[in-house]
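**Q** Submitted below is the structure of interest, expressed as structure tokens.
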Amino acid sequence: PATKTAAHLRAVRDVCRSVLRTLLLQPAPPRFIEVEKKVDSAKKDVFQALATKSVGFSGREIHKMFLSLQGAVYGTEECLLTMALWEKVTSWKLSEFARKVELEATAARNRAKAEGDHKVAGSPSASAYSPLRESGARSAYSPPAR
């Protein structure tokens, strides 16, 4: 079995090298992104507006936004960055970020609620008021009485 695994790994490695050589390392015809004059002339205002709207973005998230923008431009026939495309991609990424923040906040609230529901009576993390403590009952997680 060890020889079969080694042979399999060699075969996979050879296929990966072949694909890398034929698909990824071949020079592609150059496609340069052109910028619509409207975007180019307003870039200071456009960047300022984006900076204002993207408060809270990490550097990585900003980078990913521009990669999405680049991909959208390359996906057009003309390879032209227009104001409409700029606004479409940036608003999409901004709404995606807002959804992410909302989901993270919901998850944090749910975790806090779950932690509150699962606190062990008598434990240091339990609140001062505990229905189990009031009734004298023990939960399944409570230590035995001494």
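For the structure tokens, the naming scheme is as follows: chains receive sequential letters (A, B, ...) according to their order of presentation, residues are indexed from 1 within each chain, and ligands are indexed from 1 in presentation order.
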Need to verify the contact set: Phe97 of chain A, 10 Å, only C-alpha atoms, exclusion of same-chain residues closer than 5 positions in sequence. Can you return it as a PyMOL selection string?
**A** chain A and resi 54+56-57+61+91-92+102-103
**Q** Can you tell me, as a ChimeraX atom specification, what residues are no more than 9 Å from Leu94 of chain A when counting only C-alpha atoms, ignoring any on the same chain fewer than 5 positions away?
**A** /A:53-54,65,89,99
**Q** From the options A:Leu85, A:Ala98, A:Val15, A:Ala72, which residue's atoms come nearest to Val55 of chain A, counting only C-alpha atoms?
**A**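 Looking at the shortest contact to Val55 of chain A, the residue is A:Ala98.
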**Q** Can you pull out every residue within 7 Å of segment 35-44 of chain A, counting only C-alpha atoms, but drop anything in the same chain fewer than 3 positions away, and send it as a ChimeraX atom specification?
**A** /A:47-48,80-83
**Q** So which residues of segment 6-132 of chain A fall under alpha helix (DSSP H) by DSSP, listed as a VMD selection string?
**A** chain A and resid 6 to 19 37 to 41 43 to 53 59 to 74 83 to 117 131 to 132
**Q** Could you pull out all residues of segment 31-89 of chain A with a DSSP call of strand (DSSP E) and give them as a compact mmCIF listing (two decimals) with N, CA, C and O atoms, in the first residue's frame?
**A**
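Saved to out-v5.txt:
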# COMPACT_ATOMS: atom_id res chain seq x y z
N GLU A 34 -8.95 49.79 -19.11
CA GLU A 34 -9.10 51.21 -19.42
C GLU A 34 -10.11 51.79 -18.45
O GLU A 34 -11.03 51.11 -18.00
N VAL A 35 -9.91 53.06 -18.14
CA VAL A 35 -10.79 53.73 -17.18
C VAL A 35 -11.57 54.81 -17.92
O VAL A 35 -10.99 55.63 -18.64
N LEU A 80 -13.33 47.87 -19.72
CA LEU A 80 -13.42 49.28 -19.40
C LEU A 80 -14.09 49.45 -18.03
O LEU A 80 -15.17 48.91 -17.79
N LEU A 81 -13.44 50.20 -17.16
CA LEU A 81 -14.03 50.51 -15.86
C LEU A 81 -14.93 51.73 -16.03
O LEU A 81 -14.45 52.83 -16.30
**Q** So how far away is atom CA of Gly75 of chain A from atom CA of Val101 of chain A, in Å?
**A** 28.5 Å
**Q** How many Å lie between atom CA of Arg60 of chain A and atom CA of Glu96 of chain A, rounded to one decimal?
**A**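 According to the coordinates, atom CA of Arg60 of chain A and atom CA of Glu96 of chain A are separated by 14.2 Å.
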